[in-house]
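Chemist: Structure: query-v8.txt, compact mmCIF, C-alpha atoms and all ligand atoms.
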# COMPACT_ATOMS: atom_id res chain seq x y z
CA MET A 1 59.38 105.00 23.29
CA HIS A 2 56.16 105.53 25.14
CA ILE A 3 53.78 102.56 25.31
CA HIS A 4 50.28 103.24 26.46
CA GLN A 5 49.39 101.51 29.70
CA TYR A 6 46.52 99.53 28.15
CA GLU A 7 48.83 98.35 25.41
CA LYS A 8 51.31 97.18 28.03
CA ILE A 9 48.57 95.24 29.80
CA PHE A 10 47.58 93.58 26.52
CA LEU A 11 51.19 92.73 25.72
CA TRP A 12 51.64 91.03 29.08
CA LEU A 13 48.28 89.23 28.75
CA THR A 14 49.38 87.96 25.33
CA ILE A 15 52.73 86.76 26.63
CA GLY A 16 51.01 85.18 29.62
CA MET A 17 48.58 83.25 27.41
CA LEU A 18 51.41 82.01 25.20
CA VAL A 19 53.24 80.74 28.29
CA ILE A 20 50.07 78.99 29.50
CA PHE A 21 49.45 77.34 26.10
CA LEU A 22 53.07 76.20 25.75
CA ALA A 23 52.98 74.84 29.31
CA ALA A 24 49.77 72.94 28.45
CA ILE A 25 51.43 71.38 25.39
CA ALA A 26 54.56 70.49 27.38
CA ASN A 27 52.39 68.96 30.11
CA GLY A 28 50.47 66.90 27.53
CA VAL A 29 53.66 65.59 25.98
CA MET A 30 55.50 64.83 29.21
CA SER A 31 52.71 63.77 31.58
CA HIS A 32 50.09 62.29 29.25
CA GLY A 33 52.18 60.78 26.48
CA MET A 34 50.53 62.82 23.73
CA HIS A 35 52.20 62.73 20.34
CA VAL A 36 51.38 63.26 16.72
CA ALA A 37 50.36 60.18 14.77
CA SER A 38 53.55 58.77 13.32
CA PRO A 39 54.12 56.44 10.39
CA VAL A 40 54.98 52.95 11.64
CA GLY A 41 56.15 51.66 8.30
CA ARG A 42 56.60 52.29 4.61
CA ILE A 43 55.07 50.70 1.54
CA ALA A 44 57.62 50.61 -1.26
CA ASP A 45 55.05 50.51 -4.06
CA PRO A 46 51.70 52.01 -3.03
CA ALA A 47 50.07 50.91 -6.31
CA ALA A 48 50.78 47.29 -5.30
CA LEU A 49 49.24 47.73 -1.85
CA ASP A 50 46.73 44.93 -2.50
CA GLN A 51 49.65 42.49 -2.90
CA THR A 52 51.64 43.87 0.03
CA ALA A 53 51.30 42.33 3.50
CA PRO A 54 49.44 43.00 5.70
CA PHE A 55 47.23 44.97 3.30
CA ASP A 56 46.73 41.97 1.03
CA GLU A 57 44.36 40.71 3.74
CA PRO A 58 42.51 43.70 5.19
CA GLY A 59 40.25 42.96 8.11
CA LEU A 60 39.95 42.62 11.84
CA ARG A 61 41.74 40.13 14.03
CA GLU A 62 41.66 39.50 17.75
CA VAL A 63 45.16 39.54 19.18
CA GLU A 64 43.96 38.54 22.63
CA PRO A 65 40.66 39.00 24.47
CA GLY A 66 39.81 42.69 24.35
CA VAL A 67 42.70 43.58 22.04
CA TYR A 68 41.99 43.93 18.34
CA GLU A 69 43.99 44.90 15.27
CA ALA A 70 42.41 46.16 12.08
CA VAL A 71 44.21 46.41 8.77
CA ILE A 72 42.36 48.94 6.64
CA VAL A 73 42.79 50.04 3.03
CA ALA A 74 41.57 53.55 2.27
CA ARG A 75 41.06 54.19 -1.44
CA LYS A 76 38.87 56.26 -3.71
CA TRP A 77 36.18 56.13 -2.26
CA SER A 78 35.82 53.49 0.37
CA PHE A 79 37.35 51.84 3.37
CA THR A 80 38.07 48.10 3.33
CA PRO A 81 36.72 46.63 5.54
CA LYS A 82 33.76 48.97 5.62
CA GLU A 83 32.59 47.83 9.04
CA ILE A 84 34.42 46.71 12.15
CA GLU A 85 32.69 45.17 15.15
CA ILE A 86 34.27 44.88 18.59
CA PRO A 87 32.90 44.49 22.11
CA ALA A 88 32.90 47.51 24.43
CA GLY A 89 36.02 47.89 26.53
CA SER A 90 38.26 46.68 23.70
CA THR A 91 41.36 48.39 22.46
CA LEU A 92 41.49 48.72 18.70
CA THR A 93 44.72 49.40 16.84
CA MET A 94 44.22 50.40 13.21
CA GLN A 95 46.86 50.24 10.52
CA ILE A 96 45.78 52.14 7.46
CA SER A 97 47.32 52.84 4.07
CA SER A 98 46.25 54.07 0.67
CA PRO A 99 47.06 52.76 -2.81
CA ASP A 100 46.01 55.92 -4.66
CA ILE A 101 45.94 59.40 -3.13
CA ILE A 102 45.92 61.08 0.26
CA HIS A 103 42.92 60.36 2.44
CA GLY A 104 42.18 61.05 6.08
CA VAL A 105 40.43 59.12 8.80
CA LYS A 106 38.36 60.63 11.52
CA VAL A 107 36.28 58.49 13.85
CA LEU A 108 33.52 60.59 15.34
CA ASP A 109 33.24 60.81 19.14
CA THR A 110 36.87 59.70 19.53
CA ASN A 111 40.22 61.44 19.18
CA ILE A 112 41.13 59.24 16.19
CA ASN A 113 42.15 61.65 13.45
CA ILE A 114 44.99 60.71 11.11
CA MET A 115 46.18 61.25 7.58
CA VAL A 116 46.47 58.31 5.21
CA ILE A 117 49.29 58.81 2.75
CA PRO A 118 50.27 56.49 -0.13
CA GLY A 119 53.54 54.74 0.74
CA GLN A 120 53.04 55.14 4.46
CA ILE A 121 51.39 53.01 7.14
CA SER A 122 49.44 55.14 9.58
CA GLN A 123 48.67 53.61 12.95
CA VAL A 124 46.38 54.71 15.73
CA SER A 125 44.99 53.01 18.84
CA HIS A 126 41.88 53.71 20.84
CA GLN A 127 39.98 52.04 23.66
CA PHE A 128 36.25 51.91 22.97
CA ASP A 129 34.44 51.88 26.32
CA GLU A 130 31.00 53.01 25.20
CA PRO A 131 28.82 50.74 23.05
CA GLY A 132 27.49 52.42 19.93
CA GLU A 133 28.10 53.07 16.26
CA TYR A 134 31.09 55.23 15.48
CA LEU A 135 31.12 56.73 12.03
CA MET A 136 34.51 56.68 10.31
CA ILE A 137 34.86 59.37 7.66
CA CYS A 138 37.46 60.54 5.19
CA HIS A 139 38.36 64.07 6.18
CA GLU A 140 40.76 64.89 3.33
CA TYR A 141 39.18 65.98 0.07
CA CYS A 142 39.91 63.16 -2.38
CA GLY A 143 37.65 63.78 -5.34
CA LEU A 144 34.10 63.31 -6.57
CA ALA A 145 32.79 60.90 -3.94
CA HIS A 146 34.88 62.12 -1.01
CA HIS A 147 31.71 62.88 0.92
CA ALA A 148 30.55 59.27 0.56
CA MET A 149 33.81 57.73 1.76
CA GLU A 150 32.85 56.33 5.13
CA GLY A 151 32.95 53.29 7.34
CA LEU A 152 31.60 52.19 10.68
CA ILE A 153 33.01 50.90 13.93
CA ARG A 154 30.28 49.06 15.78
CA VAL A 155 30.97 48.66 19.49
CA THR A 156 28.68 46.03 20.97
CA GLU A 157 27.63 45.49 24.56
CA PRO A 158 30.27 43.54 26.47
CA MET A 159 29.61 39.86 26.94
CA ALA A 160 28.58 38.87 30.47
CA ALA A 161 30.24 35.92 32.20
CA ASP A 162 27.33 33.61 31.31
CA GLY A 163 27.72 34.38 27.62
CA THR A 164 24.65 36.59 27.33
CA VAL A 165 24.76 40.18 26.20
CA ASP A 166 24.98 42.61 29.08
CA GLY A 167 22.63 45.61 29.19
CA ALA A 168 20.36 47.23 26.64
CA GLU A 169 20.91 47.80 22.94
CA GLY A 170 23.58 50.28 21.85
CA SER A 171 22.67 53.79 20.94
CA ALA A 172 23.26 55.19 17.51
CA ARG A 173 25.88 57.90 17.61
CA GLY A 174 27.83 60.27 15.51
CA GLU A 175 25.58 60.98 12.55
CA GLY A 176 27.03 63.49 10.12
CU1 LIG B 1 39.04 59.87 0.82
CU2 LIG B 1 38.18 62.07 1.06
Here is the file; what I need is its structure written in the form of structure tokens.

Modeler:
Amino acid sequence: MHIHQYEKIFLWLTIGMLVIFLAAIANGVMSHGMHVASPVGRIADPAALDQTAPFDEPGLREVEPGVYEAVIVARKWSFTPKEIEIPAGSTLTMQISSPDIIHGVKVLDTNINIMVIPGQISQVSHQFDEPGEYLMICHEYCGLAHHAMEGLIRVTEPMAADGTVDGAEGSARGEG
């Protein structure tokens, strides 16, 4: 079979690109610890999420200075709590579940992007170094008011040693 020379070049370019992309993925997994968001737990009865720990008490708690955990309920069509406030430099771990249907969570200007599935606890961590307002949106179509399903992560200026706020006011970010 005769293959035109240009076609051969394109075939090898294609194979070469595939090898480069696969190598990039392998490098991310092995050297940078990248992984898909994985469920950390199950909820036996999603409809009873409001009575199931820890989702019976959604909110933010400080585990230690600079380390926060947020328990978040995503339901048609809101996040509870709607707003989270942490100082810059903090690491935030979010555990999210849904009592009704599938939602998604994307936090703009970060790489937080996970699905929220009834019966499953989704967990994601992120270190917020830059003060500002980070919009949290539902990115999975979930009905009439999907577009209005949003929350906010407010990252404040870090506290200085003397207890005063360091630096200027935070900038608004991530509209839309
Ligand atoms: Cu919840 Cu879209």

Chemist: Got a sec to check which residues lie within 10 Å of ligand LIG 1 (chain B), using only C-alpha atoms and all ligand atoms, and send them as a PyMOL selection string?

Modeler: chain A and resi 74-79+98+100-105+115-116+137-150

Chemist: Considering all atoms listed in the file, return as a list in words whatever protein or nucleic-acid residues lie within 8 Å of region 118-126 of chain A, sequence-local ones (same chain, fewer than 6 positions apart) excluded.

Modeler: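 Returned residues: Ala37, Ser38, Pro39, Val40, Gly41, Arg42, Ile43, Ala44, Asp45, Pro46, Thr91, Leu92, Thr93, Met94, Gln95, Ile96, Ser97, Ser98, Pro99, Asp100, Ile101, Ile102, Thr110 and Ile112 of chain A.
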
Chemist: Find the residues with any atom within 6 Å of (32.8, 45.4, 14.7); use all atoms listed in the file and the coordinates as given in the file, and write the answer as a list of chain:residue names.

Modeler: A:Ile84, A:Glu85, A:Ile86, A:Ile153, A:Arg154

Chemist: Enclose the full set of atoms of region 4-15 of chain A listed in the file within a box whose edges lie along x, y and z, apply 8 Å of padding to each of the six sides, and report centre and edge lengths in Å to one decimal as AutoDock Vina command-line options.

Modeler:
--center_x 49.6 --center_y 95.0 --center_z 27.6 --size_x 22.2 --size_y 32.5 --size_z 20.5

Chemist: Neighbouring residues of Asp56 (chain A) were defined as those with any atom within 12 Å, considering all atoms listed in the file; residues of the same chain fewer than 3 positions away were excluded. Please report them as a list in words.

Modeler: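 Near neighbours after the sequence-gap exclusion: Pro46, Ala48, Leu49, Asp50, Gln51, Thr52, Ala53, Gly59, Val71, Ile72, Val73, Thr80, Pro81, Ser97 and Pro99 of chain A.
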
Chemist: Could you check how far CA of Leu11 (chain A) sits from CA of Ala24 (chain A), in Å to one decimal?

Modeler: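 According to the coordinates, CA of Leu11 (chain A) and CA of Ala24 (chain A) are separated by 20.0 Å.
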
Chemist: How would region 106-130 of chain A look with N, CA, C and O atoms restored, written as a PDB file, keeping the file's coordinate frame?

Modeler:
ATOM      1  N   LYS A 106      38.829  60.118  10.237  1.00  0.00           N
ATOM      2  CA  LYS A 106      38.360  60.630  11.520  1.00  0.00           C
ATOM      3  C   LYS A 106      37.260  59.714  11.998  1.00  0.00           C
ATOM      4  O   LYS A 106      36.357  59.362  11.241  1.00  0.00           O
ATOM      5  N   VAL A 107      37.345  59.285  13.254  1.00  0.00           N
ATOM      6  CA  VAL A 107      36.280  58.490  13.850  1.00  0.00           C
ATOM      7  C   VAL A 107      35.550  59.399  14.829  1.00  0.00           C
ATOM      8  O   VAL A 107      36.148  59.891  15.793  1.00  0.00           O
ATOM      9  N   LEU A 108      34.276  59.635  14.532  1.00  0.00           N
ATOM     10  CA  LEU A 108      33.520  60.590  15.340  1.00  0.00           C
ATOM     11  C   LEU A 108      33.399  60.109  16.778  1.00  0.00           C
ATOM     12  O   LEU A 108      33.374  58.921  17.053  1.00  0.00           O
ATOM     13  N   ASP A 109      33.345  61.052  17.694  1.00  0.00           N
ATOM     14  CA  ASP A 109      33.240  60.810  19.140  1.00  0.00           C
ATOM     15  C   ASP A 109      34.479  60.155  19.734  1.00  0.00           C
ATOM     16  O   ASP A 109      34.432  59.614  20.840  1.00  0.00           O
ATOM     17  N   THR A 110      35.592  60.172  18.986  1.00  0.00           N
ATOM     18  CA  THR A 110      36.870  59.700  19.530  1.00  0.00           C
ATOM     19  C   THR A 110      37.920  60.743  19.147  1.00  0.00           C
ATOM     20  O   THR A 110      37.626  61.692  18.430  1.00  0.00           O
ATOM     21  N   ASN A 111      39.158  60.518  19.611  1.00  0.00           N
ATOM     22  CA  ASN A 111      40.220  61.440  19.180  1.00  0.00           C
ATOM     23  C   ASN A 111      41.028  60.830  18.029  1.00  0.00           C
ATOM     24  O   ASN A 111      42.134  61.272  17.750  1.00  0.00           O
ATOM     25  N   ILE A 112      40.459  59.819  17.353  1.00  0.00           N
ATOM     26  CA  ILE A 112      41.130  59.240  16.190  1.00  0.00           C
ATOM     27  C   ILE A 112      41.014  60.217  15.024  1.00  0.00           C
ATOM     28  O   ILE A 112      39.902  60.568  14.609  1.00  0.00           O
ATOM     29  N   ASN A 113      42.145  60.658  14.525  1.00  0.00           N
ATOM     30  CA  ASN A 113      42.150  61.650  13.450  1.00  0.00           C
ATOM     31  C   ASN A 113      43.540  61.609  12.815  1.00  0.00           C
ATOM     32  O   ASN A 113      44.485  62.169  13.346  1.00  0.00           O
ATOM     33  N   ILE A 114      43.671  60.869  11.715  1.00  0.00           N
ATOM     34  CA  ILE A 114      44.990  60.710  11.110  1.00  0.00           C
ATOM     35  C   ILE A 114      44.920  60.888   9.602  1.00  0.00           C
ATOM     36  O   ILE A 114      43.865  60.741   8.986  1.00  0.00           O
ATOM     37  N   MET A 115      46.050  61.190   9.026  1.00  0.00           N
ATOM     38  CA  MET A 115      46.180  61.250   7.580  1.00  0.00           C
ATOM     39  C   MET A 115      46.559  59.871   7.064  1.00  0.00           C
ATOM     40  O   MET A 115      47.239  59.104   7.749  1.00  0.00           O
ATOM     41  N   VAL A 116      46.106  59.561   5.860  1.00  0.00           N
ATOM     42  CA  VAL A 116      46.470  58.310   5.210  1.00  0.00           C
ATOM     43  C   VAL A 116      47.172  58.666   3.909  1.00  0.00           C
ATOM     44  O   VAL A 116      46.564  59.253   3.013  1.00  0.00           O
ATOM     45  N   ILE A 117      48.444  58.337   3.849  1.00  0.00           N
ATOM     46  CA  ILE A 117      49.290  58.810   2.750  1.00  0.00           C
ATOM     47  C   ILE A 117      49.837  57.605   1.990  1.00  0.00           C
ATOM     48  O   ILE A 117      50.348  56.657   2.606  1.00  0.00           O
ATOM     49  N   PRO A 118      49.727  57.606   0.652  1.00  0.00           N
ATOM     50  CA  PRO A 118      50.270  56.490  -0.130  1.00  0.00           C
ATOM     51  C   PRO A 118      51.753  56.291   0.208  1.00  0.00           C
ATOM     52  O   PRO A 118      52.507  57.253   0.292  1.00  0.00           O
ATOM     53  N   GLY A 119      52.144  55.025   0.420  1.00  0.00           N
ATOM     54  CA  GLY A 119      53.540  54.740   0.740  1.00  0.00           C
ATOM     55  C   GLY A 119      53.837  54.737   2.218  1.00  0.00           C
ATOM     56  O   GLY A 119      54.947  54.430   2.624  1.00  0.00           O
ATOM     57  N   GLN A 120      52.826  55.062   3.012  1.00  0.00           N
ATOM     58  CA  GLN A 120      53.040  55.140   4.460  1.00  0.00           C
ATOM     59  C   GLN A 120      51.967  54.343   5.182  1.00  0.00           C
ATOM     60  O   GLN A 120      50.823  54.319   4.756  1.00  0.00           O
ATOM     61  N   ILE A 121      52.360  53.687   6.279  1.00  0.00           N
ATOM     62  CA  ILE A 121      51.390  53.010   7.140  1.00  0.00           C
ATOM     63  C   ILE A 121      51.100  53.916   8.318  1.00  0.00           C
ATOM     64  O   ILE A 121      52.005  54.269   9.065  1.00  0.00           O
ATOM     65  N   SER A 122      49.842  54.321   8.450  1.00  0.00           N
ATOM     66  CA  SER A 122      49.440  55.140   9.580  1.00  0.00           C
ATOM     67  C   SER A 122      48.823  54.244  10.636  1.00  0.00           C
ATOM     68  O   SER A 122      48.024  53.360  10.310  1.00  0.00           O
ATOM     69  N   GLN A 123      49.192  54.470  11.881  1.00  0.00           N
ATOM     70  CA  GLN A 123      48.670  53.610  12.950  1.00  0.00           C
ATOM     71  C   GLN A 123      48.113  54.459  14.072  1.00  0.00           C
ATOM     72  O   GLN A 123      48.688  55.480  14.445  1.00  0.00           O
ATOM     73  N   VAL A 124      46.985  54.007  14.601  1.00  0.00           N
ATOM     74  CA  VAL A 124      46.380  54.710  15.730  1.00  0.00           C
ATOM     75  C   VAL A 124      45.648  53.681  16.590  1.00  0.00           C
ATOM     76  O   VAL A 124      45.148  52.679  16.088  1.00  0.00           O
ATOM     77  N   SER A 125      45.657  53.905  17.901  1.00  0.00           N
ATOM     78  CA  SER A 125      44.990  53.010  18.840  1.00  0.00           C
ATOM     79  C   SER A 125      43.961  53.780  19.649  1.00  0.00           C
ATOM     80  O   SER A 125      44.141  54.967  19.918  1.00  0.00           O
ATOM     81  N   HIS A 126      42.901  53.073  20.018  1.00  0.00           N
ATOM     82  CA  HIS A 126      41.880  53.710  20.840  1.00  0.00           C
ATOM     83  C   HIS A 126      41.134  52.631  21.619  1.00  0.00           C
ATOM     84  O   HIS A 126      40.877  51.545  21.102  1.00  0.00           O
ATOM     85  N   GLN A 127      40.807  52.954  22.868  1.00  0.00           N
ATOM     86  CA  GLN A 127      39.980  52.040  23.660  1.00  0.00           C
ATOM     87  C   GLN A 127      38.537  52.494  23.586  1.00  0.00           C
ATOM     88  O   GLN A 127      38.222  53.640  23.919  1.00  0.00           O
ATOM     89  N   PHE A 128      37.671  51.587  23.125  1.00  0.00           N
ATOM     90  CA  PHE A 128      36.250  51.910  22.970  1.00  0.00           C
ATOM     91  C   PHE A 128      35.489  51.389  24.190  1.00  0.00           C
ATOM     92  O   PHE A 128      35.244  50.197  24.307  1.00  0.00           O
ATOM     93  N   ASP A 129      35.123  52.289  25.096  1.00  0.00           N
ATOM     94  CA  ASP A 129      34.440  51.880  26.320  1.00  0.00           C
ATOM     95  C   ASP A 129      32.924  51.912  26.176  1.00  0.00           C
ATOM     96  O   ASP A 129      32.218  51.149  26.828  1.00  0.00           O
ATOM     97  N   GLU A 130      32.434  52.819  25.319  1.00  0.00           N
ATOM     98  CA  GLU A 130      31.000  53.010  25.200  1.00  0.00           C
ATOM     99  C   GLU A 130      30.450  52.267  23.988  1.00  0.00           C
ATOM    100  O   GLU A 130      30.915  52.482  22.865  1.00  0.00           O
TER     101      GLU A 130
END
